[in-house]
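Visitor: Contents are CSV, C-alpha atoms and all ligand atoms; file name my_file.csv:
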chain,number,residue,atom,x,y,z
L,1,MET,CA,141.0,216.1,-1.5
L,2,HIS,CA,140.1,216.1,2.2
L,3,SER,CA,140.3,212.3,2.6
L,4,ARG,CA,143.9,212.4,3.9
L,5,PRO,CA,143.4,214.9,6.9
L,6,PHE,CA,140.3,212.9,7.9
L,7,ARG,CA,142.3,209.7,8.0
L,8,ARG,CA,144.9,211.4,10.3
L,9,LYS,CA,142.1,212.4,12.7
L,10,LEU,CA,141.0,208.8,12.9
L,11,VAL,CA,144.5,207.7,13.8
L,12,ALA,CA,144.8,210.3,16.6
L,13,LEU,CA,141.5,209.1,18.0
L,14,GLY,CA,142.7,205.5,18.0
L,15,ALA,CA,145.7,206.6,20.1
L,16,LEU,CA,143.5,208.3,22.6
L,17,VAL,CA,141.4,205.2,23.1
L,18,VAL,CA,144.5,203.1,23.8
L,19,ILE,CA,145.7,205.6,26.5
L,20,ALA,CA,142.3,205.6,28.2
L,21,GLU,CA,142.4,201.8,28.4
L,22,GLU,CA,145.8,201.9,30.0
L,23,ALA,CA,144.9,204.4,32.7
L,24,PRO,CA,145.9,202.9,36.1
L,25,ALA,CA,143.2,201.3,38.1
L,26,ILE,CA,143.5,199.2,41.2
L,27,ARG,CA,141.0,196.8,42.7
L,28,TRP,CA,139.8,197.1,46.3
L,29,PRO,CA,142.0,195.3,48.8
L,30,PHE,CA,139.1,193.2,50.2
L,31,GLU,CA,136.7,190.6,48.9
L,32,PRO,CA,134.6,191.3,46.9
L,33,GLN,CA,137.3,193.3,45.0
L,34,GLU,CA,134.8,194.4,42.3
L,35,SER,CA,132.7,196.4,44.8
L,36,PRO,CA,133.4,199.5,46.8
L,37,HIS,CA,133.9,199.2,50.6
L,38,ALA,CA,133.2,201.6,53.4
L,39,VAL,CA,135.9,204.3,54.2
L,40,TYR,CA,135.8,206.2,57.4
L,41,MET,CA,138.9,208.4,57.1
L,42,THR,CA,140.0,209.8,53.8
L,43,TYR,CA,143.2,211.3,52.3
L,44,GLY,CA,144.0,214.8,53.7
L,45,GLN,CA,141.7,214.7,56.7
L,46,HIS,CA,142.8,216.0,60.1
L,47,ASP,CA,144.3,213.3,62.3
L,48,TRP,CA,145.8,213.1,65.7
L,49,GLY,CA,149.1,211.4,66.3
L,50,TRP,CA,152.6,211.8,67.4
L,51,TYR,CA,155.4,213.9,65.9
L,52,GLU,CA,158.9,214.0,67.4
L,53,GLY,CA,157.6,212.6,70.7
L,54,ARG,CA,154.7,215.0,71.1
L,55,PRO,CA,151.0,214.9,70.4
L,56,ALA,CA,150.4,216.6,67.1
L,57,ASN,CA,147.9,217.5,64.4
L,58,LEU,CA,148.6,215.4,61.4
L,59,PHE,CA,147.6,215.1,57.7
L,60,HIS,CA,146.0,211.7,57.2
L,61,PRO,CA,147.9,210.0,54.3
L,62,GLY,CA,145.6,207.2,53.3
L,63,LEU,CA,142.2,205.7,53.3
L,64,ASP,CA,141.0,203.9,56.5
L,65,ILE,CA,139.0,200.9,55.4
L,66,PRO,CA,137.3,199.4,58.6
L,67,LYS,CA,137.4,195.6,58.7
L,68,PRO,CA,137.5,193.2,61.7
L,69,ALA,CA,140.9,192.0,62.8
L,70,GLY,CA,141.8,188.9,60.9
L,71,GLU,CA,140.1,189.9,57.7
L,72,PRO,CA,142.3,188.8,54.7
L,73,VAL,CA,143.9,191.7,52.8
L,74,LEU,CA,144.2,191.2,49.1
L,75,ALA,CA,146.5,192.8,46.5
L,76,GLY,CA,144.7,195.4,44.5
L,77,GLU,CA,147.1,194.8,41.6
L,78,PRO,CA,150.3,192.7,40.9
L,79,GLY,CA,153.7,194.2,41.6
L,80,TRP,CA,156.8,193.9,43.8
L,81,VAL,CA,157.0,194.2,47.6
L,82,ILE,CA,159.3,197.3,47.6
L,83,TYR,CA,159.0,197.8,51.4
L,84,SER,CA,158.0,195.8,54.4
L,85,SER,CA,157.9,197.1,57.9
L,86,GLU,CA,157.7,194.9,60.9
L,87,PHE,CA,157.4,197.3,63.8
L,88,ARG,CA,154.8,195.7,66.0
L,89,ALA,CA,154.5,198.5,68.6
L,90,PRO,CA,152.9,200.6,67.5
L,91,VAL,CA,150.9,198.4,65.2
L,92,GLN,CA,150.5,201.4,62.9
L,93,ARG,CA,153.9,200.8,61.3
L,94,CYS,CA,153.4,197.2,60.3
L,95,GLY,CA,152.6,196.5,56.6
L,96,LEU,CA,153.7,196.1,53.0
L,97,ILE,CA,154.2,198.5,50.1
L,98,VAL,CA,153.5,196.8,46.7
L,99,GLY,CA,154.5,198.6,43.5
L,100,SER,CA,157.2,199.2,40.9
L,101,ARG,CA,160.9,198.9,41.6
L,102,ALA,CA,161.6,201.1,38.6
L,103,THR,CA,159.7,204.1,40.0
L,104,SER,CA,159.6,203.2,43.8
L,105,THR,CA,156.0,204.1,43.8
L,106,GLY,CA,153.1,201.8,44.9
L,107,PHE,CA,150.4,201.3,47.4
L,108,ALA,CA,150.9,200.8,51.1
L,109,TYR,CA,148.8,198.2,53.0
L,110,GLY,CA,149.2,199.3,56.6
L,111,HIS,CA,148.2,198.0,60.1
L,112,LEU,CA,148.7,194.3,59.1
L,113,ASP,CA,149.2,191.5,61.6
L,114,TRP,CA,152.9,190.7,61.0
L,115,LYS,CA,152.6,187.0,61.7
L,116,SER,CA,150.0,186.6,59.0
L,117,ILE,CA,152.1,188.1,56.2
L,118,PRO,CA,153.6,185.3,53.9
L,119,GLU,CA,157.3,185.1,54.7
L,120,ARG,CA,158.5,185.6,51.1
L,121,PHE,CA,157.1,189.1,51.1
L,122,THR,CA,159.1,190.2,54.2
L,123,GLN,CA,162.5,188.7,53.2
L,124,PRO,CA,165.2,191.3,52.3
L,125,GLY,CA,164.7,192.5,48.8
L,126,GLY,CA,161.0,191.7,48.7
L,127,ASP,CA,159.3,189.4,46.3
L,128,THR,CA,156.8,189.5,43.5
L,129,VAL,CA,153.0,189.8,44.0
L,130,MET,CA,151.8,187.7,41.1
L,131,TYR,CA,148.2,188.6,40.7
L,132,THR,CA,145.3,190.8,41.8
L,133,GLY,CA,143.7,189.2,44.8
L,134,GLU,CA,146.8,187.5,46.1
L,135,PHE,CA,146.8,187.2,49.9
L,136,LEU,CA,149.0,189.8,51.6
L,137,GLY,CA,148.2,189.3,55.3
L,138,LYS,CA,145.4,190.0,57.8
L,139,VAL,CA,144.1,193.1,59.4
L,140,ALA,CA,145.7,193.7,62.8
L,141,ARG,CA,143.8,194.3,66.1
L,142,TRP,CA,143.8,198.1,66.6
L,143,PRO,CA,145.0,199.0,70.1
L,144,SER,CA,142.5,201.8,70.7
L,145,TYR,CA,138.8,201.9,71.6
L,146,ARG,CA,138.4,205.2,69.7
L,147,ASP,CA,138.9,203.7,66.3
L,148,PRO,CA,137.8,200.4,64.7
L,149,ASP,CA,140.2,197.8,63.3
L,150,HIS,CA,141.1,198.9,59.8
L,151,LEU,CA,143.5,198.8,56.8
L,152,GLU,CA,145.4,202.0,56.1
L,153,PHE,CA,145.6,202.1,52.3
L,154,SER,CA,147.8,204.8,50.8
L,155,ARG,CA,149.5,205.9,47.5
L,156,VAL,CA,153.2,206.2,48.4
L,157,LYS,CA,156.7,206.7,47.2
L,158,VAL,CA,159.6,204.9,48.8
L,159,SER,CA,163.1,206.4,49.3
L,160,GLU,CA,166.3,204.9,50.6
L,161,ASP,CA,169.2,206.6,52.5
L,162,PRO,CA,172.2,206.8,50.2
L,163,LYS,CA,174.5,205.6,53.1
L,164,PRO,CA,174.5,202.3,55.2
L,165,PRO,CA,172.4,200.9,56.7
L,166,TYR,CA,170.3,202.2,53.7
L,167,ARG,CA,167.2,202.8,55.8
L,168,LYS,CA,164.0,203.1,53.7
L,169,SER,CA,161.1,205.5,54.3
L,170,TRP,CA,158.0,206.4,52.5
L,171,ILE,CA,155.8,209.4,52.0
L,172,ALA,CA,152.2,209.7,50.7
L,173,ILE,CA,152.1,211.1,47.1
L,174,GLY,CA,148.4,211.4,46.5
L,175,ASN,CA,144.9,210.1,47.1
L,176,ALA,CA,144.7,206.3,46.8
L,177,PHE,CA,141.0,206.6,46.3
L,178,LEU,CA,141.5,208.2,42.8
L,179,HIS,CA,143.2,204.9,41.7
L,180,LEU,CA,140.4,202.6,42.9
L,181,ASN,CA,138.0,200.9,40.5
L,182,PRO,CA,135.1,201.0,41.1
L,183,ASP,CA,134.9,204.4,42.9
L,184,THR,CA,131.1,204.8,43.1
L,185,ASP,CA,129.1,204.9,46.3
L,186,SER,CA,126.6,202.1,46.6
L,187,GLN,CA,124.8,203.4,49.8
L,188,GLN,CA,123.1,206.6,50.5
L,189,PRO,CA,125.2,208.7,52.9
L,190,PHE,CA,123.9,209.7,56.4
L,191,LEU,CA,125.2,211.9,59.2
L,192,ASP,CA,125.5,210.5,62.7
L,193,LYS,CA,126.2,212.4,65.9
L,194,VAL,CA,127.5,215.6,64.4
L,195,ARG,CA,129.0,218.0,66.9
L,196,TYR,CA,130.5,221.4,66.2
L,197,PRO,CA,133.8,222.1,67.9
L,198,THR,CA,133.8,225.0,70.4
L,199,ASN,CA,136.3,226.3,72.9
L,200,GLU,CA,134.1,225.6,75.8
L,201,PRO,CA,134.8,222.7,78.0
L,202,GLU,CA,132.7,219.6,77.4
L,203,ALA,CA,129.7,219.2,79.7
Y,301,ZN,ZN,144.6,206.0,59.0
For this file, write the structure as structure tokens.
Guide:
Amino acid sequence: MHSRPFRRKLVALGALVVIAEEAPAIRWPFEPQESPHAVYMTYGQHDWGWYEGRPANLFHPGLDIPKPAGEPVLAGEPGWVIYSSEFRAPVQRCGLIVGSRATSTGFAYGHLDWKSIPERFTQPGGDTVMYTGEFLGKVARWPSYRDPDHLEFSRVKVSEDPKPPYRKSWIAIGNAFLHLNPDTDSQQPFLDKVRYPTNEPEA
């Protein structure tokens, strides 16, 4: 008599397994893509920058993955280039957003060397990124001695002004790290040169 409910349970379990397999996962944007890479600034950390022309405390929107200038940046997943930004000064603004045209969400690959980006990705309307590991451009030289050269990797949503010239902009919508596979640390962490902030002037 209880064989029918038992069968229903099995069907439900099968559906759960399918959902788990389809959970979004993106590869690391550098070779080897199947291994984690060092991250020196994470999502939500305090950051310095500029806001409306003044120095300001900012919310860090992405992962800073330090790599030497010229290192090839690879697509973590296929998609469409839904945004490209060519501002070269500051270099912070130069990069690509690859994702879904249907949802306008994707991943931003920031601080790229503009000249290194394949032209078809920067044409109006974008182009398709065919496969995981496709070359997107090279890491730019960072114009500061305080920070190393790095890729800014962020989970973002793109929006477009409803009126001409239909300027596009983007905002961070979450922690890109939560989408990366693998997300395990391969090295034992260590603390280096920790200093507690005080209100006293530096010696
Ligand atoms: Zn950053």
Visitor: Chain L near ligand ZN 301 (chain Y) within 10 Å: what's each residue's closest atom pair and its distance in Å to one decimal, counting all atoms listed in the file, ordered by chain then ascending residue number, as a Markdown table?
Guide:
| residue | atom | partner | partner_atom | distance |
| --- | --- | --- | --- | --- |
| L:Tyr40 | CA | Y:ZN301 | ZN | 8.9 |
| L:Met41 | CA | Y:ZN301 | ZN | 6.5 |
| L:Thr42 | CA | Y:ZN301 | ZN | 7.9 |
| L:Tyr43 | CA | Y:ZN301 | ZN | 8.7 |
| L:Gln45 | CA | Y:ZN301 | ZN | 9.5 |
| L:Asp47 | CA | Y:ZN301 | ZN | 8.0 |
| L:Trp48 | CA | Y:ZN301 | ZN | 9.8 |
| L:Phe59 | CA | Y:ZN301 | ZN | 9.7 |
| L:His60 | CA | Y:ZN301 | ZN | 6.1 |
| L:Pro61 | CA | Y:ZN301 | ZN | 7.0 |
| L:Gly62 | CA | Y:ZN301 | ZN | 5.9 |
| L:Leu63 | CA | Y:ZN301 | ZN | 6.2 |
| L:Asp64 | CA | Y:ZN301 | ZN | 4.9 |
| L:Ile65 | CA | Y:ZN301 | ZN | 8.4 |
| L:Pro66 | CA | Y:ZN301 | ZN | 9.8 |
| L:Gln92 | CA | Y:ZN301 | ZN | 8.4 |
| L:Gly110 | CA | Y:ZN301 | ZN | 8.5 |
| L:His111 | CA | Y:ZN301 | ZN | 8.8 |
| L:Asp147 | CA | Y:ZN301 | ZN | 9.5 |
| L:His150 | CA | Y:ZN301 | ZN | 8.0 |
| L:Leu151 | CA | Y:ZN301 | ZN | 7.6 |
| L:Glu152 | CA | Y:ZN301 | ZN | 5.0 |
| L:Phe153 | CA | Y:ZN301 | ZN | 7.8 |
| L:Ser154 | CA | Y:ZN301 | ZN | 8.9 |
Visitor: Quick one: of L:Gly126, L:Gly174, L:Gly133, L:Gly44, who's nearest to L:Glu31, counting all atoms listed in the file?
Guide: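 Smallest separation from L:Glu31 among the options: L:Gly133.
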Visitor: Would you compute the distance between atom CA of L:Gly79 and atom CA of L:Met130? Give it in Å to one decimal.
Guide: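 Answer for the atom CA of L:Gly79 to atom CA of L:Met130 separation: 6.8 Å.
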Visitor: Name the residues in contact with L:Phe30 at a cut-off of 10 Å, using all atoms listed in the file, excluding same-chain residues fewer than 5 positions from it; report them as a list in words.
Guide: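 Residues meeting the cut-off are Ser35, Pro36, His37, Ile65, Lys67, Glu71, Pro72, Val73, Leu74, Ala75, Gly76, Gly133, Phe135 and Leu151 of chain L.
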Visitor: Residues near stretch 181-184 of chain L, anyone? I mean within 12 Å using all atoms listed in the file, not counting same-chain ones fewer than 6 positions away, as a list of chain:residue names.
Guide: L:Ala23, L:Pro24, L:Ala25, L:Ile26, L:Arg27, L:Trp28, L:Pro29, L:Pro32, L:Gln33, L:Glu34, L:Ser35, L:Pro36, L:His37, L:Ala38, L:Val39, L:Gly76, L:Glu77
Visitor: Identify which of the residues L:Ala108, L:Ala140, L:Ile117, L:Ala102 lies closest to L:Ser169, counting all atoms listed in the file when measuring atom-to-atom distances.
Guide: L:Ala108
Visitor: Record the distance separating atom CA of L:Pro165 and atom CA of L:Ser116, expressed in Å with one decimal.
Guide: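 Rounded to one decimal, the two atoms are 26.7 Å apart.
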Visitor: Measuring atom to atom with all atoms listed in the file, identify which of L:Val194, L:Val156, L:Val98, L:Val139 is nearest to L:Ile173.
Guide: L:Val156
Visitor: By how many Å are atom CA of L:Trp170 and atom CA of L:Arg146 apart?
Guide: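 Calculated distance between atom CA of L:Trp170 and atom CA of L:Arg146 is 26.1 Å.
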